[in-house]
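The next block is run01.cif, given as mmCIF, C-alpha atoms and all ligand atoms.
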```cif
data_data
loop_
_atom_site.label_atom_id
_atom_site.label_comp_id
_atom_site.auth_asym_id
_atom_site.auth_seq_id
_atom_site.Cartn_x
_atom_site.Cartn_y
_atom_site.Cartn_z
CA MET A 1 1.88 13.83 -12.52
CA THR A 2 2.02 10.92 -14.91
CA ASP A 3 2.95 13.39 -17.60
CA SER A 4 6.07 14.20 -15.65
CA LEU A 5 7.24 10.68 -16.35
CA ASN A 6 6.16 10.43 -19.94
CA GLY A 7 7.20 13.77 -21.30
CA LEU A 8 10.87 13.81 -20.55
CA LYS A 9 12.51 11.70 -23.17
CA THR A 10 14.36 14.65 -24.58
CA SER A 11 15.43 16.22 -21.32
CA ILE A 12 18.39 15.40 -19.17
CA ASN A 13 19.90 12.02 -19.78
CA ARG A 14 21.49 10.37 -16.80
CA ARG A 15 24.17 8.67 -18.84
CA SER A 16 25.43 11.94 -20.17
CA PHE A 17 25.65 13.18 -16.60
CA VAL A 18 27.67 10.18 -15.55
CA LYS A 19 29.96 10.38 -18.52
CA ASN A 20 30.40 14.12 -18.27
CA GLY A 21 30.90 13.93 -14.56
CA LEU A 22 33.62 11.36 -14.90
CA THR A 23 35.28 13.32 -17.66
CA ALA A 24 35.31 16.47 -15.63
CA ALA A 25 36.15 15.12 -12.23
CA GLY A 26 38.26 12.13 -13.07
CA ALA A 27 37.20 8.60 -12.41
CA ALA A 28 38.76 8.52 -8.96
CA THR A 29 36.68 11.41 -7.67
CA VAL A 30 33.11 10.94 -6.55
CA GLY A 31 31.84 14.44 -7.10
CA ALA A 32 28.89 15.69 -5.13
CA GLY A 33 27.24 16.72 -8.36
CA LEU A 34 27.25 13.29 -9.90
CA LEU A 35 23.83 11.74 -10.09
CA VAL A 36 25.21 8.25 -10.17
CA SER A 37 28.55 8.09 -8.46
CA SER A 38 31.37 5.87 -9.60
CA SER A 39 32.63 3.76 -6.75
CA SER A 40 35.63 2.47 -8.64
CA ALA A 41 38.85 4.36 -9.00
CA PHE A 42 39.50 2.37 -12.14
CA ALA A 43 36.12 2.78 -13.76
CA LYS A 44 36.33 3.44 -17.45
CA LYS A 45 34.31 6.12 -19.11
CA GLY A 46 31.52 4.75 -21.24
CA PRO A 47 27.97 5.18 -22.37
CA GLU A 48 26.62 2.86 -19.67
CA GLU A 49 26.90 2.99 -15.89
CA HIS A 50 29.48 0.69 -14.39
CA SER A 51 28.24 -2.64 -13.12
CA GLY A 52 31.59 -3.88 -11.83
CA SER A 53 31.57 -7.62 -11.35
CA LEU A 54 27.77 -7.72 -11.31
CA THR A 55 25.77 -8.34 -14.44
CA ARG A 56 24.46 -5.11 -15.90
CA GLY A 57 20.94 -6.24 -15.03
CA ASP A 58 21.72 -7.02 -11.40
CA ALA A 59 23.41 -3.63 -11.01
CA ALA A 60 20.45 -1.87 -12.63
CA ILE A 61 17.92 -3.61 -10.39
CA LEU A 62 19.94 -2.83 -7.27
CA ARG A 63 20.37 0.80 -8.38
CA PHE A 64 16.63 1.22 -8.82
CA LEU A 65 16.05 -0.35 -5.41
CA ALA A 66 18.71 1.92 -3.88
CA ALA A 67 16.90 4.93 -5.33
CA ALA A 68 13.55 3.68 -4.03
CA GLU A 69 15.05 3.14 -0.58
CA ILE A 70 16.61 6.63 -0.58
CA LEU A 71 13.15 8.04 -1.33
CA GLU A 72 11.55 5.84 1.33
CA THR A 73 14.12 6.97 3.87
CA ASP A 74 13.44 10.60 3.02
CA LEU A 75 9.71 10.30 3.58
CA TRP A 76 10.02 8.17 6.72
CA GLN A 77 12.55 10.63 8.10
CA GLN A 78 9.95 13.39 7.81
CA TYR A 79 7.41 11.25 9.67
CA ASN A 80 9.95 10.40 12.35
CA GLU A 81 10.97 13.99 12.99
CA LEU A 82 7.36 14.90 13.82
CA GLY A 83 5.73 11.69 15.01
CA GLY A 84 8.41 9.14 15.81
CA ILE A 85 11.25 8.80 18.28
CA GLN A 86 14.26 10.98 17.59
CA ASP A 87 17.42 9.31 18.82
CA SER A 88 20.92 8.33 17.75
CA GLU A 89 19.57 5.61 15.46
CA VAL A 90 17.25 8.02 13.68
CA PRO A 91 18.45 11.54 14.43
CA GLY A 92 16.85 14.79 13.30
CA GLY A 93 13.81 16.76 14.39
CA SER A 94 12.47 17.23 17.88
CA GLY A 95 8.95 15.76 17.68
CA ASN A 96 5.52 17.35 17.58
CA SER A 97 3.53 16.38 20.65
CA VAL A 98 0.10 17.07 19.15
CA TYR A 99 0.75 15.06 15.96
CA THR A 100 2.42 12.29 17.97
CA ALA A 101 -0.65 12.09 20.21
CA ALA A 102 -2.98 11.92 17.20
CA LEU A 103 -0.90 9.07 15.74
CA ALA A 104 -1.05 7.33 19.13
CA VAL A 105 -4.82 7.06 18.70
CA LEU A 106 -4.04 4.42 16.06
CA ASP A 107 -1.67 2.60 18.45
CA GLU A 108 0.12 3.77 21.56
CA ASP A 109 3.39 2.50 20.10
CA MET A 110 3.12 4.33 16.79
CA ASP A 111 6.17 6.49 17.57
CA GLN A 112 8.29 3.37 18.09
CA TYR A 113 7.01 1.75 14.90
CA ILE A 114 7.65 4.93 12.88
CA HIS A 115 11.17 5.06 14.29
CA ASP A 116 11.86 1.44 13.44
CA ASN A 117 10.45 1.68 9.92
CA THR A 118 12.62 4.76 9.32
CA GLU A 119 15.73 3.00 10.58
CA ASP A 120 14.98 -0.02 8.40
CA GLU A 121 14.73 2.09 5.24
CA LEU A 122 17.95 3.88 6.05
CA THR A 123 19.77 0.57 6.41
CA HIS A 124 18.25 -0.72 3.15
CA GLU A 125 19.53 2.35 1.33
CA VAL A 126 22.99 2.25 2.85
CA PHE A 127 23.40 -1.51 2.45
CA ILE A 128 22.38 -1.69 -1.21
CA ASN A 129 24.65 1.18 -2.16
CA ALA A 130 27.51 -0.33 -0.14
CA TYR A 131 27.01 -3.68 -1.84
CA LEU A 132 27.06 -2.04 -5.26
CA ALA A 133 30.26 -0.23 -4.32
CA SER A 134 31.83 -3.45 -3.02
CA LYS A 135 31.34 -4.94 -6.49
CA GLY A 136 32.84 -1.92 -8.25
CA ALA A 137 29.42 -0.84 -9.52
CA ASP A 138 28.08 2.69 -9.61
CA ILE A 139 25.91 3.75 -6.69
CA VAL A 140 22.94 6.10 -6.51
CA ASN A 141 23.12 9.55 -4.94
CA LEU A 142 20.04 11.79 -5.08
CA ASP A 143 21.44 14.59 -2.91
CA GLU A 144 21.15 17.27 -5.54
CA PHE A 145 17.38 16.75 -5.61
CA ARG A 146 16.93 17.49 -1.90
CA THR A 147 15.15 20.71 -2.79
CA LEU A 148 11.57 20.36 -1.48
CA SER A 149 10.36 22.25 1.57
CA SER A 150 10.16 20.85 5.06
CA SER A 151 7.06 21.12 7.18
CA GLN A 152 6.99 24.41 9.05
CA ALA A 153 5.33 22.78 12.06
CA THR A 154 7.11 22.57 15.40
CA GLY A 155 9.50 19.62 15.46
CA ALA A 156 10.60 19.37 11.83
CA GLN A 157 14.16 20.06 10.71
CA GLN A 158 14.45 22.79 8.12
CA ILE A 159 16.35 20.97 5.40
CA GLY A 160 15.74 20.17 1.74
CA ARG A 161 13.62 17.08 1.07
CA LEU A 162 13.29 14.64 -1.80
CA THR A 163 9.63 13.86 -1.13
CA ASN A 164 6.47 15.83 -0.40
CA LEU A 165 4.12 14.50 2.31
CA MET A 166 1.83 17.52 2.25
CA GLN A 167 -0.10 16.99 -1.01
CA LEU A 168 -0.77 13.26 -1.07
CA THR A 169 -3.37 11.33 -3.03
CA VAL A 170 -3.41 8.02 -1.19
CA ASP A 171 -4.51 4.87 -3.02
CA THR A 172 -6.06 2.70 -0.30
CA SER A 173 -7.14 -0.12 -2.60
CA TRP A 174 -4.50 -2.43 -1.11
CA TRP A 175 -6.91 -2.78 1.80
CA THR A 176 -9.49 -4.66 -0.25
CA ARG A 177 -6.90 -6.17 -2.61
CA TYR A 178 -5.44 -8.21 0.25
CA ARG A 179 -8.93 -9.23 1.43
CA SER A 180 -10.33 -10.44 -1.87
CA SER A 181 -10.58 -14.22 -2.27
CA SER A 182 -11.31 -14.11 -5.99
CA LYS A 183 -9.30 -11.27 -7.53
CA ASN A 184 -5.62 -10.55 -8.18
CA PRO A 185 -4.18 -7.38 -9.75
CA ASP A 186 -1.88 -9.57 -11.87
CA PHE A 187 -5.04 -10.77 -13.64
CA GLY A 188 -6.08 -7.18 -14.32
CA ASP A 189 -8.54 -6.99 -11.46
CA THR A 190 -9.30 -3.71 -9.71
CA PHE A 191 -10.27 -3.07 -6.11
CA ASP A 192 -12.43 -0.75 -4.03
CA GLN A 193 -10.84 1.95 -1.91
CA ALA A 194 -10.97 1.66 1.88
CA VAL A 195 -11.02 5.48 2.10
CA PRO A 196 -12.27 6.75 -1.28
CA THR A 197 -11.83 10.43 -0.43
CA LEU A 198 -8.10 9.94 0.26
CA ASN A 199 -7.67 8.73 -3.32
CA VAL A 200 -8.84 12.06 -4.78
CA GLY A 201 -7.58 15.57 -4.13
CA GLN A 202 -4.44 16.36 -2.16
CA HIS A 203 -4.07 15.77 1.55
CA PRO A 204 -1.33 16.43 4.11
CA ALA A 205 -0.01 13.43 6.01
CA ILE A 206 2.09 15.62 8.30
CA PRO A 207 1.14 19.00 9.79
CA ARG A 208 2.26 21.69 7.33
CA THR A 209 2.40 24.40 10.00
CA ASP A 210 1.24 24.67 13.60
CA ASP A 211 -2.10 25.87 12.21
CA ASP A 212 -2.71 22.22 11.29
CA LEU A 213 -2.56 21.17 14.95
CA THR A 214 -6.13 22.32 15.64
CA PRO A 215 -8.94 21.51 15.90
CA ASN A 216 -8.54 17.94 17.18
CA ASP A 217 -10.37 16.26 14.33
CA HIS A 218 -8.20 18.07 11.80
CA ILE A 219 -4.88 16.83 13.18
CA GLN A 220 -6.53 13.43 13.64
CA ALA A 221 -7.47 13.45 9.93
CA ILE A 222 -3.81 14.18 9.14
CA ALA A 223 -2.69 11.33 11.41
CA ASN A 224 -5.29 9.04 9.83
CA THR A 225 -3.96 10.00 6.39
CA ALA A 226 -0.46 9.08 7.55
CA GLY A 227 -1.76 5.81 8.96
CA PHE A 228 -3.13 4.76 5.59
CA HIS A 229 -0.15 6.18 3.70
CA PHE A 230 2.19 4.00 5.76
CA GLY A 231 0.34 0.92 4.52
CA THR A 232 0.21 2.22 0.96
CA ILE A 233 3.98 2.78 0.82
CA GLU A 234 4.93 -0.49 2.45
CA GLN A 235 2.62 -2.70 0.39
CA GLY A 236 4.39 -1.16 -2.60
CA GLY A 237 7.74 -2.32 -1.28
CA THR A 238 6.23 -5.69 -0.44
CA SER A 239 5.39 -6.19 -4.12
CA LEU A 240 8.46 -4.51 -5.63
CA TYR A 241 11.06 -6.90 -4.23
CA PRO A 242 9.49 -10.19 -5.36
CA SER A 243 8.60 -8.58 -8.69
CA LEU A 244 12.23 -7.67 -9.39
CA ALA A 245 13.70 -10.80 -7.77
CA GLN A 246 12.43 -12.82 -10.73
CA ARG A 247 14.99 -11.13 -12.99
CA VAL A 248 18.18 -11.10 -10.92
CA THR A 249 21.07 -13.41 -11.78
CA HIS A 250 23.64 -13.73 -8.99
CA PRO A 251 22.67 -15.80 -5.92
CA ASP A 252 23.90 -13.03 -3.59
CA VAL A 253 21.71 -10.47 -5.34
CA LEU A 254 18.79 -12.88 -5.10
CA ARG A 255 19.57 -13.31 -1.42
CA ILE A 256 19.59 -9.54 -0.93
CA VAL A 257 16.19 -8.98 -2.53
CA LEU A 258 14.70 -12.06 -0.85
CA SER A 259 15.97 -10.88 2.53
CA ILE A 260 14.97 -7.22 2.32
CA GLY A 261 11.61 -7.76 0.63
CA PRO A 262 9.94 -9.60 3.53
CA THR A 263 10.86 -6.78 5.91
CA GLU A 264 8.70 -4.53 3.73
CA ALA A 265 5.91 -7.07 4.24
CA MET A 266 6.44 -6.91 8.00
CA HIS A 267 6.04 -3.14 7.80
CA CYS A 268 2.94 -3.46 5.64
CA GLN A 269 1.36 -5.97 8.00
CA THR A 270 1.95 -3.68 10.97
CA TRP A 271 0.51 -0.65 9.23
CA GLN A 272 -2.53 -2.51 7.99
CA ASP A 273 -3.35 -3.36 11.58
CA LYS A 274 -2.84 0.24 12.73
CA ALA A 275 -4.75 1.87 9.87
CA GLY A 276 -7.76 -0.14 10.96
CA ASN A 277 -7.74 1.85 14.20
CA ALA A 278 -8.06 5.22 12.46
CA PRO A 279 -11.19 6.80 13.97
CA ALA A 280 -14.11 7.56 11.67
CA LEU A 281 -14.38 11.31 11.13
CA THR A 282 -14.74 14.15 8.67
CA ASP A 283 -11.89 16.65 8.49
CA PRO A 284 -13.35 19.93 9.85
CA LYS A 285 -10.97 21.91 7.63
CA ASP A 286 -11.65 19.81 4.51
CA SER A 287 -15.16 18.37 4.40
CA THR A 288 -14.25 16.33 1.31
CA LEU A 289 -12.03 14.11 3.46
CA VAL A 290 -14.06 11.43 5.24
CA PHE A 291 -12.74 8.41 7.12
CA PRO A 292 -15.55 5.86 7.20
CA ASP A 293 -16.30 3.26 9.84
CA LEU A 294 -14.84 0.25 8.07
CA ASN A 295 -16.66 -2.19 10.37
CA SER A 296 -20.21 -0.99 9.85
CA PRO A 297 -22.67 -1.18 6.94
CA PRO A 298 -22.44 -0.43 4.11
CA LEU A 299 -18.84 -1.49 4.73
CA GLY A 300 -17.69 -4.28 7.05
CA GLY A 301 -17.43 -7.95 6.13
CA GLU A 302 -14.39 -9.62 4.63
CA GLU A 303 -13.61 -6.70 2.33
CA PHE A 304 -13.32 -4.06 5.07
CA GLN A 305 -13.49 -5.53 8.61
CA THR A 306 -10.50 -4.14 10.49
CA ASN A 307 -9.38 -7.26 12.37
CA LEU A 308 -8.90 -9.22 9.16
CA ILE A 309 -5.27 -8.29 8.70
CA MET A 310 -3.74 -11.35 7.04
CA PRO A 311 -3.81 -11.90 3.28
CA GLU A 312 -6.92 -13.71 2.10
CA PRO A 313 -5.96 -16.60 -0.21
CA THR A 314 -6.75 -15.74 -3.81
CA ILE A 315 -6.07 -16.78 -7.39
CA PHE A 316 -2.38 -17.03 -8.32
CA LEU A 317 -0.66 -17.78 -11.66
CA SER A 318 -3.69 -19.60 -13.10
CA ARG A 319 -7.37 -19.59 -12.30
CA SER A 320 -7.27 -23.38 -12.54
CA LEU A 321 -4.87 -23.65 -9.60
CA PRO A 322 -6.14 -23.59 -6.00
CA ALA A 323 -6.31 -20.30 -4.09
CA CYS A 324 -3.12 -19.31 -2.29
CA SER A 325 -2.24 -16.73 0.37
CA ILE A 326 0.24 -14.50 -1.44
CA VAL A 327 1.74 -11.08 -1.93
CA ARG A 328 0.09 -9.33 -4.87
CA PRO A 329 0.90 -8.02 -7.42
CA THR A 330 4.18 -9.76 -8.23
CA ALA A 331 4.23 -9.64 -12.04
CA THR A 332 7.75 -8.73 -13.08
CA LYS A 333 7.15 -7.02 -16.43
CA GLY A 334 7.53 -3.28 -16.03
CA ALA A 335 7.66 -3.56 -12.25
CA ALA A 336 10.14 -0.72 -11.72
CA MET A 337 8.28 1.73 -13.95
CA GLY A 338 5.08 0.65 -12.25
CA ALA A 339 6.57 1.45 -8.86
CA LEU A 340 7.76 4.84 -10.08
CA LYS A 341 4.32 5.64 -11.49
CA PHE A 342 2.72 4.55 -8.22
CA LEU A 343 4.95 6.89 -6.21
CA THR A 344 4.50 9.74 -8.67
CA ASP A 345 0.72 9.39 -8.84
CA MET A 346 0.44 9.69 -5.05
CA GLY A 347 1.95 13.18 -5.26
CA LEU A 348 5.12 12.22 -3.43
CA PHE A 349 7.27 14.14 -5.91
CA ILE A 350 5.15 17.28 -6.36
CA GLY A 351 7.64 20.11 -6.77
CA GLN A 352 10.50 17.94 -8.06
CA SER A 353 12.48 19.01 -11.11
CA PRO A 354 12.29 17.55 -14.63
CA ALA A 355 15.84 16.26 -14.09
CA PHE A 356 14.65 14.24 -11.10
CA PHE A 357 11.89 12.57 -13.10
CA ALA A 358 14.28 11.94 -16.00
CA LEU A 359 16.80 10.25 -13.71
CA MET A 360 14.20 8.14 -11.95
CA ARG A 361 12.68 7.10 -15.24
CA ASP A 362 16.07 6.11 -16.58
CA LEU A 363 16.87 4.06 -13.47
CA ALA A 364 13.48 2.34 -13.73
CA GLU A 365 13.84 1.60 -17.43
CA ASP A 366 17.26 0.07 -16.88
CA ALA A 367 15.88 -2.09 -14.08
CA ASP A 368 13.02 -3.21 -16.29
CA ASP A 369 15.44 -4.06 -19.09
CA ALA A 370 17.27 -6.46 -16.76
CA ARG A 371 16.95 -10.13 -17.55
CA ARG A 372 18.12 -13.14 -15.58
CA ALA A 373 21.31 -14.32 -17.24
CA GLY A 374 20.90 -17.57 -19.15
CA ARG A 375 17.30 -16.85 -20.06
FE FE B 401 12.91 -0.45 2.36
FE FE B 402 9.59 0.16 3.23
#
```
As structure tokens, what does this structure read like?
Amino acid sequence: MTDSLNGLKTSINRRSFVKNGLTAAGAATVGAGLLVSSSSAFAKKGPEEHSGSLTRGDAAILRFLAAAEILETDLWQQYNELGGIQDSEVPGGSGNSVYTAALAVLDEDMDQYIHDNTEDELTHEVFINAYLASKGADIVNLDEFRTLSSSQATGAQQIGRLTNLMQLTVDTSWWTRYRSSSKNPDFGDTFDQAVPTLNVGQHPAIPRTDDDLTPNDHIQAIANTAGFHFGTIEQGGTSLYPSLAQRVTHPDVLRIVLSIGPTEAMHCQTWQDKAGNAPALTDPKDSTLVFPDLNSPPLGGEEFQTNLIMPEPTIFLSRSLPACSIVRPTATKGAAMGALKFLTDMGLFIGQSPAFFALMRDLAEDADDARRAGR
């Protein structure tokens, strides 16, 4: 999947879409086909997106975050339709009782937590785009890429999706990364997987059809996969916001990223606790997928023990400074492209079009080009 990101330099260019869209539709019209919509009736046509009264860098960082939040909302929406609480705050779907029960093995309140995480992402997406619009900057609209299939299992809406939760390769190294007292990914360190077999092959995190609802250990393996995927996604958000915050300029934009980012950490903390309750088992329909007992030899101890859910203090900034309990990684260089690669490598976009990858890459590159004004 990495090739999808690297091989598209000559394909569709977002700026030409924006420019062409504005030329065709007029600057006052936000056409449904525009990939990046102009929010300003007085926007001038040009080779760059419009940043309004924001610096170009601030607008680019917020646009990448808006895109990331749109993608997060899309995946959480799929989880909520099948395993969360469907209500007026998070409408859509009708629930799948077997999947919901398997998730409840991790915590009896999983449906509530899935609902609340979904609602949070939706508000992040809507707020960031609304803030961009309020400053006369272009917003992000990914609607034309809602082309992927929904789950065919009972409970899911049949609508086009942006993300694919049925072929995931889940990196669970955050589990040991946050438990290490001597290593930090910003120093180039690497970390063991909590569930090595989730990090290879492709695994569903939602039932694909009602055939996935039996036998019990199979739907439990799918729920366990979701349980770890929740943590994987939210630790990514936990790092992304502080990583990009280091390059924003306006105090309000700094306030936005400093206020949303910690909510991602709250999600991550919750999911880390719940993933630790995933029962040890081997998937009866895929014997390559094994959830180990994290509390027993050869695992266990500080690296794996499931009730150690707070960050272990570790090295930060310099090995000569004392250990510190921190989010990691938080290096800012290339943070947006890193986040895009992370999402792509997990298989979240399997089935997406070259134009989707080209747009996301362009948004990420612009965010990574951003510099704090005055530096
Ligand atoms: Fe979010
Ligand atoms: Fe999130």
**Prompt:** What lies within 10 Å of region 53-67 of chain A using all atoms listed in the file, ignoring chain neighbours under 5 positions off, as an MDAnalysis selection string?
**Reply:** chainID A and resid 36 48 72:73 121 124:132 134:142 237 240:241 244:245 247:250 253:254 256:257 336:337 340 359:373
Grab the residues selected above and save them as a PDB file, keeping the file's coordinate frame with C-alpha atoms.
```pdb
ATOM      1  CA  VAL A  36      25.210   8.250 -10.170  1.00  0.00           C
ATOM      2  CA  GLU A  48      26.620   2.860 -19.670  1.00  0.00           C
ATOM      3  CA  GLU A  72      11.550   5.840   1.330  1.00  0.00           C
ATOM      4  CA  THR A  73      14.120   6.970   3.870  1.00  0.00           C
ATOM      5  CA  GLU A 121      14.730   2.090   5.240  1.00  0.00           C
ATOM      6  CA  HIS A 124      18.250  -0.720   3.150  1.00  0.00           C
ATOM      7  CA  GLU A 125      19.530   2.350   1.330  1.00  0.00           C
ATOM      8  CA  VAL A 126      22.990   2.250   2.850  1.00  0.00           C
ATOM      9  CA  PHE A 127      23.400  -1.510   2.450  1.00  0.00           C
ATOM     10  CA  ILE A 128      22.380  -1.690  -1.210  1.00  0.00           C
ATOM     11  CA  ASN A 129      24.650   1.180  -2.160  1.00  0.00           C
ATOM     12  CA  ALA A 130      27.510  -0.330  -0.140  1.00  0.00           C
ATOM     13  CA  TYR A 131      27.010  -3.680  -1.840  1.00  0.00           C
ATOM     14  CA  LEU A 132      27.060  -2.040  -5.260  1.00  0.00           C
ATOM     15  CA  SER A 134      31.830  -3.450  -3.020  1.00  0.00           C
ATOM     16  CA  LYS A 135      31.340  -4.940  -6.490  1.00  0.00           C
ATOM     17  CA  GLY A 136      32.840  -1.920  -8.250  1.00  0.00           C
ATOM     18  CA  ALA A 137      29.420  -0.840  -9.520  1.00  0.00           C
ATOM     19  CA  ASP A 138      28.080   2.690  -9.610  1.00  0.00           C
ATOM     20  CA  ILE A 139      25.910   3.750  -6.690  1.00  0.00           C
ATOM     21  CA  VAL A 140      22.940   6.100  -6.510  1.00  0.00           C
ATOM     22  CA  ASN A 141      23.120   9.550  -4.940  1.00  0.00           C
ATOM     23  CA  LEU A 142      20.040  11.790  -5.080  1.00  0.00           C
ATOM     24  CA  GLY A 237       7.740  -2.320  -1.280  1.00  0.00           C
ATOM     25  CA  LEU A 240       8.460  -4.510  -5.630  1.00  0.00           C
ATOM     26  CA  TYR A 241      11.060  -6.900  -4.230  1.00  0.00           C
ATOM     27  CA  LEU A 244      12.230  -7.670  -9.390  1.00  0.00           C
ATOM     28  CA  ALA A 245      13.700 -10.800  -7.770  1.00  0.00           C
ATOM     29  CA  ARG A 247      14.990 -11.130 -12.990  1.00  0.00           C
ATOM     30  CA  VAL A 248      18.180 -11.100 -10.920  1.00  0.00           C
ATOM     31  CA  THR A 249      21.070 -13.410 -11.780  1.00  0.00           C
ATOM     32  CA  HIS A 250      23.640 -13.730  -8.990  1.00  0.00           C
ATOM     33  CA  VAL A 253      21.710 -10.470  -5.340  1.00  0.00           C
ATOM     34  CA  LEU A 254      18.790 -12.880  -5.100  1.00  0.00           C
ATOM     35  CA  ILE A 256      19.590  -9.540  -0.930  1.00  0.00           C
ATOM     36  CA  VAL A 257      16.190  -8.980  -2.530  1.00  0.00           C
ATOM     37  CA  ALA A 336      10.140  -0.720 -11.720  1.00  0.00           C
ATOM     38  CA  MET A 337       8.280   1.730 -13.950  1.00  0.00           C
ATOM     39  CA  LEU A 340       7.760   4.840 -10.080  1.00  0.00           C
ATOM     40  CA  LEU A 359      16.800  10.250 -13.710  1.00  0.00           C
ATOM     41  CA  MET A 360      14.200   8.140 -11.950  1.00  0.00           C
ATOM     42  CA  ARG A 361      12.680   7.100 -15.240  1.00  0.00           C
ATOM     43  CA  ASP A 362      16.070   6.110 -16.580  1.00  0.00           C
ATOM     44  CA  LEU A 363      16.870   4.060 -13.470  1.00  0.00           C
ATOM     45  CA  ALA A 364      13.480   2.340 -13.730  1.00  0.00           C
ATOM     46  CA  GLU A 365      13.840   1.600 -17.430  1.00  0.00           C
ATOM     47  CA  ASP A 366      17.260   0.070 -16.880  1.00  0.00           C
ATOM     48  CA  ALA A 367      15.880  -2.090 -14.080  1.00  0.00           C
ATOM     49  CA  ASP A 368      13.020  -3.210 -16.290  1.00  0.00           C
ATOM     50  CA  ASP A 369      15.440  -4.060 -19.090  1.00  0.00           C
ATOM     51  CA  ALA A 370      17.270  -6.460 -16.760  1.00  0.00           C
ATOM     52  CA  ARG A 371      16.950 -10.130 -17.550  1.00  0.00           C
ATOM     53  CA  ARG A 372      18.120 -13.140 -15.580  1.00  0.00           C
ATOM     54  CA  ALA A 373      21.310 -14.320 -17.240  1.00  0.00           C
TER      55      ALA A 373
END
```
**Request:** Give the residue list for ligand FE 402 (chain B) at 8 Å, counting only C-alpha atoms and all ligand atoms, as a ChimeraX atom specification, sorted by chain and then by residue number.
**Result:** /A:69,72,117,120-121,233-234,236-238,263-264,267-268
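One finds CA of Ser181 (chain A) at 10.9 Å from CA of Ile326 (chain A).
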**Request:** Have a look at A:Leu294, A:Ala104, A:Ile206, A:Ala265 and name the one nearest to ligand FE 401 (chain B); count only C-alpha atoms and all ligand atoms.
**Result:** A:Ala265
**Message:** Need to verify the contact set: Phe187 (chain A), 9 Å, all atoms listed in the file, exclusion of same-chain residues closer than 6 positions in sequence. Can you return it as a PyMOL selection string?
**Reply:** chain A and resi 315-318
**Prompt:** Given the choices A:Gly83, A:Gly160, A:Pro262, A:Pro207, which gets closest to ligand FE 401 (chain B) if the distance is worked out from only C-alpha atoms and all ligand atoms?
**Reply:** A:Pro262
